[in-house]
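Notes follow the structure.
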Amino acid sequence: MIRPKVLLDADVVLMEKMDKLCIDARQPGALGLLPDGKPTRADAREFKACAPSIYGQTKHALNLSQ
């Protein structure tokens, strides 16, 4: 079954900021950078703090076993 959307309980602004992070698959030379350069320590802490929740919610939405 294909679902049109997966709703996540997360801060939209933070999710948009995380979406801007350059990952190896998208831009290998800019790994870990935001459009304005390196993320601040505060940004990194926010990303790290919300990552387990986003991962868990996504895993649940995809019905993956633990």
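Ligands are numbered from 1 in the order shown, residues from 1 within each chain, and chains are lettered A, B, ... in the order they appear in the structure tokens.
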
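The list of residues with at least one atom within 10 Å of Asp9 in chain A, based on only C-alpha atoms and without residues fewer than 3 positions apart in the same chain, reads A:Val12, A:Ser53, A:Ile54, A:Gln57.
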
Could you check which of A:Ala61, A:Leu14, A:Asp19, A:Leu8 is closest to Glu46 in chain A, using only C-alpha atoms?
-> A:Leu14

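Here CA of Lys20 in chain A stands at a distance of 17.4 Å from CA of Tyr55 in chain A.
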
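Distances from A:Met18, A:Val13, A:Leu62, A:Leu7 to Lys48 in chain A were compared using only C-alpha atoms, and the smallest one belongs to A:Met18.
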
Between A:Ala44, A:Ala49, A:Gly37, A:Val6, which is the closest to Asn63 in chain A once you count only C-alpha atoms?
-> A:Val6
